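Text of input.txt (compact mmCIF, C-alpha atoms and all ligand atoms) as supplied:
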# COMPACT_ATOMS: atom_id res chain seq x y z
CA MET A 1 -74.59 84.69 -49.04
CA GLY A 2 -76.57 81.67 -50.12
CA PHE A 3 -76.12 78.01 -49.23
CA LYS A 4 -74.34 77.20 -52.50
CA GLU A 5 -71.05 78.82 -51.47
CA ASP A 6 -70.83 76.59 -48.39
CA ILE A 7 -71.25 73.33 -50.29
CA ASP A 8 -68.15 71.16 -50.66
CA THR A 9 -68.32 70.27 -54.35
CA HIS A 10 -65.89 67.35 -53.77
CA LYS A 11 -68.45 65.70 -51.50
CA LEU A 12 -71.60 66.05 -53.53
CA PRO A 13 -74.17 63.29 -53.54
CA GLN A 14 -73.98 61.77 -57.02
CA HIS A 15 -77.66 61.01 -57.04
CA VAL A 16 -80.46 63.04 -55.44
CA ALA A 17 -84.03 61.71 -55.46
CA ILE A 18 -87.00 63.93 -54.68
CA ILE A 19 -90.60 63.23 -53.69
CA MET A 20 -92.28 66.39 -54.95
CA ASP A 21 -95.29 66.78 -52.68
CA GLY A 22 -97.74 69.50 -51.74
CA ASN A 23 -98.91 70.92 -55.08
CA GLY A 24 -102.58 70.40 -54.21
CA ARG A 25 -102.32 71.98 -50.76
CA TRP A 26 -100.34 74.90 -52.15
CA ALA A 27 -103.12 75.63 -54.65
CA LYS A 28 -105.87 75.11 -52.09
CA GLY A 29 -104.16 77.58 -49.77
CA LYS A 30 -104.50 80.15 -52.51
CA GLY A 31 -108.14 79.30 -53.17
CA LYS A 32 -107.27 77.71 -56.51
CA LEU A 33 -107.80 74.33 -58.14
CA ARG A 34 -105.20 71.61 -57.47
CA VAL A 35 -104.08 71.75 -61.08
CA PHE A 36 -102.85 75.30 -60.47
CA GLY A 37 -100.43 73.77 -57.97
CA HIS A 38 -99.10 71.30 -60.56
CA HIS A 39 -98.54 74.15 -63.04
CA ASN A 40 -96.52 76.02 -60.44
CA GLY A 41 -94.75 72.80 -59.50
CA VAL A 42 -93.26 72.80 -62.98
CA LEU A 43 -91.50 76.10 -62.18
CA SER A 44 -89.86 74.38 -59.22
CA VAL A 45 -88.85 71.44 -61.42
CA ARG A 46 -87.22 73.82 -63.88
CA ASP A 47 -85.32 75.72 -61.20
CA VAL A 48 -84.19 72.61 -59.30
CA VAL A 49 -83.04 70.86 -62.50
CA GLU A 50 -80.98 73.91 -63.46
CA GLY A 51 -79.62 74.31 -59.96
CA ALA A 52 -78.66 70.64 -59.69
CA GLY A 53 -76.90 70.70 -63.06
CA GLU A 54 -75.06 73.90 -62.19
CA LEU A 55 -73.77 72.40 -58.96
CA GLY A 56 -72.54 69.24 -60.68
CA ILE A 57 -75.06 66.68 -59.45
CA LYS A 58 -74.92 63.71 -61.83
CA TYR A 59 -78.37 62.15 -61.27
CA LEU A 60 -81.66 63.75 -60.24
CA THR A 61 -84.72 61.50 -59.98
CA LEU A 62 -88.15 63.11 -59.53
CA TYR A 63 -91.25 61.26 -58.35
CA THR A 64 -93.60 62.74 -60.92
CA PHE A 65 -96.49 60.28 -61.04
CA SER A 66 -96.91 57.14 -58.98
CA SER A 67 -98.87 54.04 -59.99
CA GLU A 68 -101.30 55.00 -57.23
CA ASN A 69 -101.82 58.46 -58.78
CA TRP A 70 -103.91 56.83 -61.54
CA ASN A 71 -106.68 56.68 -58.92
CA ARG A 72 -106.97 60.48 -58.74
CA PRO A 73 -109.96 62.21 -60.37
CA LYS A 74 -109.79 61.81 -64.15
CA PHE A 75 -109.67 65.58 -64.63
CA GLU A 76 -106.50 65.84 -62.55
CA VAL A 77 -104.80 62.85 -64.21
CA THR A 78 -105.52 64.30 -67.67
CA ALA A 79 -104.23 67.71 -66.58
CA ILE A 80 -100.95 66.22 -65.28
CA MET A 81 -100.43 64.24 -68.51
CA GLU A 82 -101.06 67.35 -70.60
CA LEU A 83 -98.73 69.33 -68.40
CA LEU A 84 -96.08 66.71 -68.92
CA ILE A 85 -96.43 66.93 -72.71
CA SER A 86 -96.39 70.73 -72.79
CA THR A 87 -93.45 70.90 -70.37
CA ILE A 88 -91.35 68.48 -72.42
CA ASN A 89 -92.11 70.48 -75.55
CA LYS A 90 -91.24 73.78 -73.89
CA GLU A 91 -88.16 72.57 -72.07
CA ILE A 92 -86.43 70.37 -74.63
CA LYS A 93 -84.39 73.31 -75.95
CA LYS A 94 -83.23 74.18 -72.43
CA LEU A 95 -82.38 70.53 -71.70
CA MET A 96 -80.16 70.50 -74.78
CA GLU A 97 -78.53 73.83 -73.86
CA ASN A 98 -77.85 72.55 -70.36
CA ASN A 99 -76.56 69.16 -71.56
CA VAL A 100 -79.27 67.28 -69.60
CA ARG A 101 -80.17 63.70 -70.51
CA LEU A 102 -83.82 62.84 -69.94
CA ASN A 103 -84.64 59.38 -68.63
CA THR A 104 -87.70 57.66 -67.16
CA ILE A 105 -88.43 54.84 -64.73
CA GLY A 106 -91.83 53.21 -64.27
CA ASP A 107 -94.43 51.66 -66.53
CA ILE A 108 -94.42 54.38 -69.14
CA GLU A 109 -96.43 52.18 -71.53
CA MET A 110 -99.38 52.99 -69.24
CA LEU A 111 -99.21 56.69 -70.17
CA PRO A 112 -101.44 58.13 -72.90
CA LYS A 113 -99.87 57.47 -76.30
CA LYS A 114 -99.07 61.12 -77.01
CA CYS A 115 -97.33 61.49 -73.69
CA HIS A 116 -95.44 58.21 -74.13
CA ASP A 117 -94.33 59.16 -77.66
CA GLU A 118 -93.20 62.65 -76.61
CA LEU A 119 -91.16 61.16 -73.79
CA LEU A 120 -89.46 58.63 -76.07
CA GLN A 121 -88.73 61.37 -78.57
CA ALA A 122 -87.26 63.66 -75.88
CA MET A 123 -85.16 60.80 -74.48
CA ALA A 124 -83.81 60.06 -77.95
CA THR A 125 -83.07 63.75 -78.58
CA THR A 126 -81.15 64.13 -75.32
CA ALA A 127 -79.52 60.67 -75.38
CA GLY A 128 -76.08 62.04 -76.28
CA ASN A 129 -75.99 64.66 -73.50
CA THR A 130 -73.33 64.08 -70.89
CA GLY A 131 -74.39 66.36 -68.01
CA LEU A 132 -77.15 65.79 -65.47
CA VAL A 133 -79.30 62.68 -65.93
CA LEU A 134 -82.85 63.80 -65.15
CA THR A 135 -85.05 60.80 -64.44
CA LEU A 136 -88.81 61.17 -64.18
CA ALA A 137 -90.52 58.38 -62.25
CA LEU A 138 -93.81 57.95 -64.09
CA SER A 139 -96.49 55.40 -63.35
CA TYR A 140 -93.86 54.17 -60.92
CA SER A 141 -94.29 51.64 -58.12
CA SER A 142 -91.21 50.43 -56.33
CA ARG A 143 -92.85 47.21 -55.15
CA ARG A 144 -93.92 46.44 -58.69
CA GLU A 145 -90.40 47.14 -59.93
CA ILE A 146 -89.01 44.69 -57.35
CA VAL A 147 -91.59 42.02 -58.17
CA ASN A 148 -90.85 42.39 -61.89
CA ALA A 149 -87.14 41.99 -61.20
CA ALA A 150 -87.80 38.85 -59.15
CA ARG A 151 -89.98 37.47 -61.93
CA ALA A 152 -87.38 38.14 -64.62
CA ILE A 153 -84.70 36.42 -62.55
CA ALA A 154 -87.00 33.47 -61.77
CA LYS A 155 -87.62 33.02 -65.49
CA ARG A 156 -83.89 32.83 -66.14
CA VAL A 157 -83.56 30.20 -63.42
CA GLU A 158 -86.53 28.30 -64.89
CA ALA A 159 -84.88 28.39 -68.32
CA GLY A 160 -81.72 26.93 -66.83
CA VAL A 161 -79.48 29.88 -67.75
CA LEU A 162 -78.96 30.89 -64.13
CA LYS A 163 -78.51 29.05 -60.83
CA ALA A 164 -80.44 30.23 -57.78
CA ASP A 165 -77.13 30.50 -55.91
CA ASP A 166 -75.87 33.02 -58.47
CA ILE A 167 -78.48 35.57 -57.38
CA ASP A 168 -76.90 38.32 -55.34
CA GLU A 169 -77.60 41.99 -54.60
CA ASP A 170 -75.65 43.34 -57.58
CA MET A 171 -77.37 41.09 -60.04
CA PHE A 172 -80.79 41.83 -58.51
CA ALA A 173 -80.10 45.57 -58.84
CA GLN A 174 -79.27 45.01 -62.50
CA HIS A 175 -82.89 43.93 -63.04
CA LEU A 176 -84.35 47.18 -61.65
CA HIS A 177 -85.25 50.20 -63.78
CA THR A 178 -82.32 52.02 -62.19
CA ALA A 179 -79.76 49.43 -63.34
CA ASP A 180 -77.51 52.03 -64.95
CA MET A 181 -77.53 54.53 -62.06
CA PRO A 182 -75.84 54.67 -58.66
CA ASP A 183 -78.20 54.53 -55.67
CA PRO A 184 -79.40 57.91 -54.37
CA GLU A 185 -77.34 59.14 -51.43
CA LEU A 186 -79.96 61.79 -50.60
CA LEU A 187 -83.75 61.55 -50.68
CA ILE A 188 -85.73 64.76 -50.20
CA ARG A 189 -89.47 64.92 -49.51
CA THR A 190 -91.35 68.20 -49.44
CA SER A 191 -94.61 69.23 -47.73
CA GLY A 192 -93.99 67.97 -44.21
CA GLU A 193 -95.01 64.37 -44.88
CA TYR A 194 -92.74 61.66 -43.46
CA ARG A 195 -93.36 58.79 -45.84
CA ILE A 196 -91.55 57.02 -48.66
CA SER A 197 -94.74 56.23 -50.62
CA ASN A 198 -93.47 53.25 -52.59
CA TYR A 199 -90.50 55.17 -54.03
CA LEU A 200 -87.12 53.56 -54.77
CA LEU A 201 -87.44 51.18 -51.81
CA TRP A 202 -84.47 49.04 -52.81
CA GLN A 203 -82.30 51.94 -53.97
CA ILE A 204 -82.60 54.11 -50.83
CA ALA A 205 -81.26 51.42 -48.47
CA TYR A 206 -78.43 53.74 -47.37
CA ALA A 207 -79.78 57.13 -48.48
CA GLU A 208 -79.90 60.06 -46.11
CA LEU A 209 -83.49 61.24 -45.73
CA TYR A 210 -84.32 64.95 -45.70
CA PHE A 211 -87.79 66.28 -45.00
CA THR A 212 -88.89 69.88 -45.39
CA ASP A 213 -92.21 71.56 -44.64
CA LYS A 214 -91.99 73.59 -47.84
CA LEU A 215 -94.65 72.70 -50.38
CA TRP A 216 -93.22 71.70 -53.76
CA PRO A 217 -94.25 74.86 -55.68
CA ASP A 218 -92.28 76.90 -53.10
CA PHE A 219 -89.16 74.70 -53.37
CA ARG A 220 -86.30 76.25 -55.34
CA ARG A 221 -82.61 75.54 -55.99
CA GLU A 222 -81.66 77.32 -52.73
CA ASP A 223 -83.75 74.73 -50.88
CA LEU A 224 -81.95 71.95 -52.74
CA TYR A 225 -78.63 73.51 -51.73
CA GLU A 226 -79.78 73.70 -48.12
CA ALA A 227 -80.65 69.99 -48.21
CA ILE A 228 -77.25 69.15 -49.70
CA LEU A 229 -75.47 71.16 -47.00
CA ASP A 230 -77.45 69.27 -44.37
CA TYR A 231 -76.45 65.99 -46.06
CA GLN A 232 -72.77 67.01 -45.99
CA LYS A 233 -72.93 67.53 -42.23
CA ARG A 234 -74.10 63.98 -41.63
CA GLU A 235 -71.82 61.04 -40.97
CA ARG A 236 -72.62 58.10 -43.22
CA ARG A 237 -71.47 55.00 -41.34
CA PHE A 238 -72.98 52.15 -43.41
CA GLY A 239 -73.28 50.07 -40.25
CA MET A 240 -69.73 50.76 -39.07
CA ILE A 241 -68.62 52.94 -36.15
CA SER A 242 -67.47 56.53 -36.28
CA GLU A 243 -63.74 55.72 -35.79
CA GLN A 244 -63.76 53.38 -38.76
CA ILE A 245 -65.05 56.12 -41.03
CA ASN A 246 -62.66 58.90 -39.98
C1 LIG B 1 -97.59 65.96 -55.60
O1 LIG B 1 -98.43 66.94 -55.07
C2 LIG B 1 -97.36 66.16 -57.01
C3 LIG B 1 -97.71 65.30 -58.02
C4 LIG B 1 -98.38 64.01 -57.81
C5 LIG B 1 -97.47 65.63 -59.43
C6 LIG B 1 -96.11 66.18 -59.72
C7 LIG B 1 -96.18 66.84 -61.01
C8 LIG B 1 -95.60 68.01 -61.31
C9 LIG B 1 -94.72 68.79 -60.41
C10 LIG B 1 -95.84 68.62 -62.63
C11 LIG B 1 -95.24 67.92 -63.80
C12 LIG B 1 -93.82 67.56 -63.64
C13 LIG B 1 -92.91 67.56 -64.62
C14 LIG B 1 -91.59 66.94 -64.37
C15 LIG B 1 -93.16 68.17 -65.92
P1 LIG B 1 -99.88 66.50 -54.61
O2 LIG B 1 -100.80 66.72 -55.73
O3 LIG B 1 -99.84 65.12 -54.07
O4 LIG B 1 -100.14 67.56 -53.47
P2 LIG B 1 -100.99 67.34 -52.13
O5 LIG B 1 -100.28 66.30 -51.31
O6 LIG B 1 -100.96 68.69 -51.49
O7 LIG B 1 -102.37 66.91 -52.53

Do you think you could lay out the structure here as structure tokens?
Ligand code: FPP
Amino acid sequence: MGFKEDIDTHKLPQHVAIIMDGNGRWAKGKGKLRVFGHHNGVLSVRDVVEGAGELGIKYLTLYTFSSENWNRPKFEVTAIMELLISTINKEIKKLMENNVRLNTIGDIEMLPKKCHDELLQAMATTAGNTGLVLTLALSYSSRREIVNAARAIAKRVEAGVLKADDIDEDMFAQHLHTADMPDPELLIRTSGEYRISNYLLWQIAYAELYFTDKLWPDFRREDLYEAILDYQKRERRFGMISEQIN
């Protein structure tokens, strides 16, 4: 019996965020180029997206390319961008079949034009889907997102349309790229690294963190289910005490 059968589907996290890490090490361990790891990472993405949708998760947000990743060797950056384009092309039919809506967060204007255009096209094609919302974080920096939100709010104050005292957490959150999503309740990071790496810093304030040693190309839906089971065993207190929760 797998982990799926033990999951309480009435207590699913609505939003799961994943830091997909370890593609390079996975490839290196097999004596291959790092790019080989990214190609195999796509197989994990496909399986996890399907598995999440099947279970009834509403939002899945994948850290696909950080702002810092632009500093990688040009060859690798180009390969990831091409992989993104070919994956979108190959998977769009499946996304439609599975009722998945594609979304992005991050500075996607920074992406090569072809990649940017393909993404916009795929988002438009899937816009009417009502199942899983699959968000790819691309050219994403959480600190930049927060600074941009602060700047946008400051401009509204400067223009006299908003008072400084009207700024609260809800309205700040409305200026983030994730404005139309609930915060992730579960954040998973693969590859045995214990870092957040500038990912969804505001949004994970109360998220449960789950770390696994598995490298991303080895991560499959069963591993997602295992993480969700672990999440369901935790007590989320939001600063209160146990007796107040139960
Ligand atoms: C982290 O592994 C992975 C990335 C920075 C790229 C993620 C991209 C993919 C899985 C492929 C494209 C995705 C989609 C959604 C089509 P790493 O390279 O940092 O590995 P390392 O830590 O072992 O070096």

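CA of Arg156 in chain A lies 25.1 Å from CA of Thr104 in chain A.
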
With all atoms listed in the file as the atoms that count, which of A:Glu193, A:Glu145, A:Glu54, A:Glu169 lies nearest to ligand LIG 1 (chain B)?
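Of the candidates, the smallest distance to ligand LIG 1 (chain B) is held by A:Glu193.
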
So how many Å separate CA of His175 in chain A and CA of Leu200 in chain A, to one decimal?
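For CA of His175 in chain A relative to CA of Leu200 in chain A, the distance reads 13.4 Å.
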
What are the closest atom pairs, with distances in Å to one decimal, for each residue of chain A lying within 9 Å of ligand LIG 1 (chain B), using only C-alpha atoms and all ligand atoms, rows by chain and rising residue number, as JSON lines?
{"residue": "A:Ile19", "atom": "CA", "partner": "B:LIG1", "partner_atom": "C1", "distance": 7.7}
{"residue": "A:Met20", "atom": "CA", "partner": "B:LIG1", "partner_atom": "C1", "distance": 5.4}
{"residue": "A:Asp21", "atom": "CA", "partner": "B:LIG1", "partner_atom": "C1", "distance": 3.8}
{"residue": "A:Gly22", "atom": "CA", "partner": "B:LIG1", "partner_atom": "O6", "distance": 3.3}
{"residue": "A:Asn23", "atom": "CA", "partner": "B:LIG1", "partner_atom": "O4", "distance": 3.9}
{"residue": "A:Gly24", "atom": "CA", "partner": "B:LIG1", "partner_atom": "O6", "distance": 3.6}
{"residue": "A:Arg25", "atom": "CA", "partner": "B:LIG1", "partner_atom": "O6", "distance": 3.6}
{"residue": "A:Trp26", "atom": "CA", "partner": "B:LIG1", "partner_atom": "O6", "distance": 6.3}
{"residue": "A:Ala27", "atom": "CA", "partner": "B:LIG1", "partner_atom": "O6", "distance": 7.9}
{"residue": "A:Lys28", "atom": "CA", "partner": "B:LIG1", "partner_atom": "O6", "distance": 8.1}
{"residue": "A:Arg34", "atom": "CA", "partner": "B:LIG1", "partner_atom": "O2", "distance": 6.8}
{"residue": "A:Val35", "atom": "CA", "partner": "B:LIG1", "partner_atom": "O2", "distance": 8.0}
{"residue": "A:Gly37", "atom": "CA", "partner": "B:LIG1", "partner_atom": "O2", "distance": 7.4}
{"residue": "A:His38", "atom": "CA", "partner": "B:LIG1", "partner_atom": "C10", "distance": 4.7}
{"residue": "A:His39", "atom": "CA", "partner": "B:LIG1", "partner_atom": "C10", "distance": 6.2}
{"residue": "A:Asn40", "atom": "CA", "partner": "B:LIG1", "partner_atom": "C9", "distance": 7.5}
{"residue": "A:Gly41", "atom": "CA", "partner": "B:LIG1", "partner_atom": "C9", "distance": 4.1}
{"residue": "A:Val42", "atom": "CA", "partner": "B:LIG1", "partner_atom": "C10", "distance": 4.9}
{"residue": "A:Leu43", "atom": "CA", "partner": "B:LIG1", "partner_atom": "C9", "distance": 8.2}
{"residue": "A:Ser44", "atom": "CA", "partner": "B:LIG1", "partner_atom": "C9", "distance": 7.5}
{"residue": "A:Val45", "atom": "CA", "partner": "B:LIG1", "partner_atom": "C14", "distance": 6.0}
{"residue": "A:Arg46", "atom": "CA", "partner": "B:LIG1", "partner_atom": "C14", "distance": 8.2}
{"residue": "A:Leu62", "atom": "CA", "partner": "B:LIG1", "partner_atom": "C14", "distance": 7.1}
{"residue": "A:Tyr63", "atom": "CA", "partner": "B:LIG1", "partner_atom": "C6", "distance": 7.1}
{"residue": "A:Thr64", "atom": "CA", "partner": "B:LIG1", "partner_atom": "C6", "distance": 4.4}
{"residue": "A:Phe65", "atom": "CA", "partner": "B:LIG1", "partner_atom": "C4", "distance": 5.3}
{"residue": "A:Ser66", "atom": "CA", "partner": "B:LIG1", "partner_atom": "C4", "distance": 7.1}
{"residue": "A:Asn69", "atom": "CA", "partner": "B:LIG1", "partner_atom": "C4", "distance": 6.6}
{"residue": "A:Glu76", "atom": "CA", "partner": "B:LIG1", "partner_atom": "O2", "distance": 8.9}
{"residue": "A:Ile80", "atom": "CA", "partner": "B:LIG1", "partner_atom": "C11", "distance": 6.1}
{"residue": "A:Met81", "atom": "CA", "partner": "B:LIG1", "partner_atom": "C11", "distance": 7.9}
{"residue": "A:Glu82", "atom": "CA", "partner": "B:LIG1", "partner_atom": "C11", "distance": 9.0}
{"residue": "A:Leu83", "atom": "CA", "partner": "B:LIG1", "partner_atom": "C11", "distance": 5.9}
{"residue": "A:Leu84", "atom": "CA", "partner": "B:LIG1", "partner_atom": "C15", "distance": 4.4}
{"residue": "A:Ile85", "atom": "CA", "partner": "B:LIG1", "partner_atom": "C15", "distance": 7.6}
{"residue": "A:Ser86", "atom": "CA", "partner": "B:LIG1", "partner_atom": "C15", "distance": 8.0}
{"residue": "A:Thr87", "atom": "CA", "partner": "B:LIG1", "partner_atom": "C15", "distance": 5.2}
{"residue": "A:Ile88", "atom": "CA", "partner": "B:LIG1", "partner_atom": "C15", "distance": 6.8}
{"residue": "A:Thr135", "atom": "CA", "partner": "B:LIG1", "partner_atom": "C14", "distance": 9.0}
{"residue": "A:Leu136", "atom": "CA", "partner": "B:LIG1", "partner_atom": "C14", "distance": 6.4}
{"residue": "A:Ala137", "atom": "CA", "partner": "B:LIG1", "partner_atom": "C14", "distance": 8.9}
{"residue": "A:Ser191", "atom": "CA", "partner": "B:LIG1", "partner_atom": "O5", "distance": 7.3}
{"residue": "A:Glu193", "atom": "CA", "partner": "B:LIG1", "partner_atom": "O5", "distance": 8.5}
{"residue": "A:Leu215", "atom": "CA", "partner": "B:LIG1", "partner_atom": "O6", "distance": 7.6}
{"residue": "A:Trp216", "atom": "CA", "partner": "B:LIG1", "partner_atom": "O1", "distance": 7.2}
{"residue": "A:Pro217", "atom": "CA", "partner": "B:LIG1", "partner_atom": "C9", "distance": 7.7}

Let me know the centre plus edge lengths, in Å and rounded to one decimal, of a box with edges along x, y and z that contains all listed atoms of range 117-133 of chain A and is padded by 6 Å on every side, as AutoDock Vina command-line options.
--center_x -83.8 --center_y 62.5 --center_z -72.0 --size_x 33.0 --size_y 19.7 --size_z 25.1

Selected residue, from A:Asp180, A:Glu97, A:Asp107, A:Glu158, that lies nearest to Glu50 in chain A when counting all atoms listed in the file
A:Glu97

Å distance separating CA of Asp218 in chain A from CA of Ile18 in chain A, one decimal place
14.1 Å

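Here the question is which of A:Phe238, A:Phe211, A:Trp202, A:Phe3 gets nearest to Leu186 in chain A using all atoms listed in the file, and that residue is A:Phe211.
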
Looking at A:Leu111, A:Ala122, A:Val133, A:Val147, which one is nearest to Asn89 in chain A, with distances taken over all atoms listed in the file?
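Ranking A:Leu111, A:Ala122, A:Val133, A:Val147 by distance to Asn89 in chain A, first place goes to A:Ala122.
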
Shortest interatomic distance to Tyr59 in chain A - which of A:His15, A:Lys113, A:Lys233, A:Arg195, counting all atoms listed in the file
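Distance minimum relative to Tyr59 in chain A lands on A:His15.
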
Test item: residues at most 8 Å from Leu224 in chain A, all atoms listed in the file, excluding those fewer than 6 positions along its chain, as a ChimeraX atom specification:
/A:48,51-52

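The smallest atom-to-atom distance between Ile146 in chain A and any of A:Met123, A:Met96, A:Ala164, A:Leu201, using only C-alpha atoms, is found for A:Leu201.
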
At a cut-off of 7 Å from (-82.4, 62.6, -68.0) in the coordinates of the file, what residues are picked up using only C-alpha atoms, written as a short mmCIF file (atom, residue, chain, number, x, y, z; two decimals) with C-alpha atoms, in the frame of the given file?
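Contents of result_23.cif, as written:
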data_model
loop_
_atom_site.label_atom_id
_atom_site.label_comp_id
_atom_site.auth_asym_id
_atom_site.auth_seq_id
_atom_site.Cartn_x
_atom_site.Cartn_y
_atom_site.Cartn_z
CA VAL A 100 -79.27 67.28 -69.60
CA ARG A 101 -80.17 63.70 -70.51
CA LEU A 102 -83.82 62.84 -69.94
CA ASN A 103 -84.64 59.38 -68.63
CA LEU A 132 -77.15 65.79 -65.47
CA VAL A 133 -79.30 62.68 -65.93
CA LEU A 134 -82.85 63.80 -65.15
CA THR A 135 -85.05 60.80 -64.44
#

Contact residues around Glu208 in chain A with all atoms listed in the file at 7 Å, ignoring same-chain residues under 4 positions, as an mmCIF file with C-alpha atoms, in the frame of the given file:
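Writing the result to part-v2.cif gives the following:
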data_model
loop_
_atom_site.group_PDB
_atom_site.id
_atom_site.type_symbol
_atom_site.label_atom_id
_atom_site.label_comp_id
_atom_site.auth_asym_id
_atom_site.auth_seq_id
_atom_site.Cartn_x
_atom_site.Cartn_y
_atom_site.Cartn_z
ATOM 1 C CA GLU A 185 -77.340 59.140 -51.430
ATOM 2 C CA LEU A 186 -79.960 61.790 -50.600
ATOM 3 C CA LEU A 187 -83.750 61.550 -50.680
ATOM 4 C CA TYR A 231 -76.450 65.990 -46.060
#

Could you give me, as a PyMOL selection string, the residues that sit within 6 Å of (-78.9, 55.8, -53.5) in the file's coordinates, counting only C-alpha atoms?
chain A and resi 183-185+203-204+207

Quick test: take range 46-64 of chain A, keep C-alpha atoms, and write it as a PDB file, in the first residue's frame.
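The resulting file, out.pdb, is reproduced below:
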ATOM      1  CA  ARG A  46       5.263  15.824 -14.825  1.00  0.00           C
ATOM      2  CA  ASP A  47       4.659  13.079 -12.271  1.00  0.00           C
ATOM      3  CA  VAL A  48       4.294  15.443  -9.306  1.00  0.00           C
ATOM      4  CA  VAL A  49       1.903  17.742 -11.198  1.00  0.00           C
ATOM      5  CA  GLU A  50      -0.277  14.767 -12.126  1.00  0.00           C
ATOM      6  CA  GLY A  51      -0.104  13.331  -8.635  1.00  0.00           C
ATOM      7  CA  ALA A  52      -0.985  16.656  -7.004  1.00  0.00           C
ATOM      8  CA  GLY A  53      -3.953  17.180  -9.330  1.00  0.00           C
ATOM      9  CA  GLU A  54      -5.190  13.637  -8.765  1.00  0.00           C
ATOM     10  CA  LEU A  55      -5.117  14.104  -5.010  1.00  0.00           C
ATOM     11  CA  GLY A  56      -7.031  17.381  -5.172  1.00  0.00           C
ATOM     12  CA  ILE A  57      -4.307  19.895  -4.322  1.00  0.00           C
ATOM     13  CA  LYS A  58      -5.481  23.311  -5.543  1.00  0.00           C
ATOM     14  CA  TYR A  59      -2.151  25.147  -5.916  1.00  0.00           C
ATOM     15  CA  LEU A  60       1.328  23.825  -6.694  1.00  0.00           C
ATOM     16  CA  THR A  61       4.162  26.339  -6.992  1.00  0.00           C
ATOM     17  CA  LEU A  62       7.529  25.170  -8.344  1.00  0.00           C
ATOM     18  CA  TYR A  63      10.787  27.082  -7.953  1.00  0.00           C
ATOM     19  CA  THR A  64      11.948  26.618 -11.523  1.00  0.00           C
TER      20      THR A  64
END
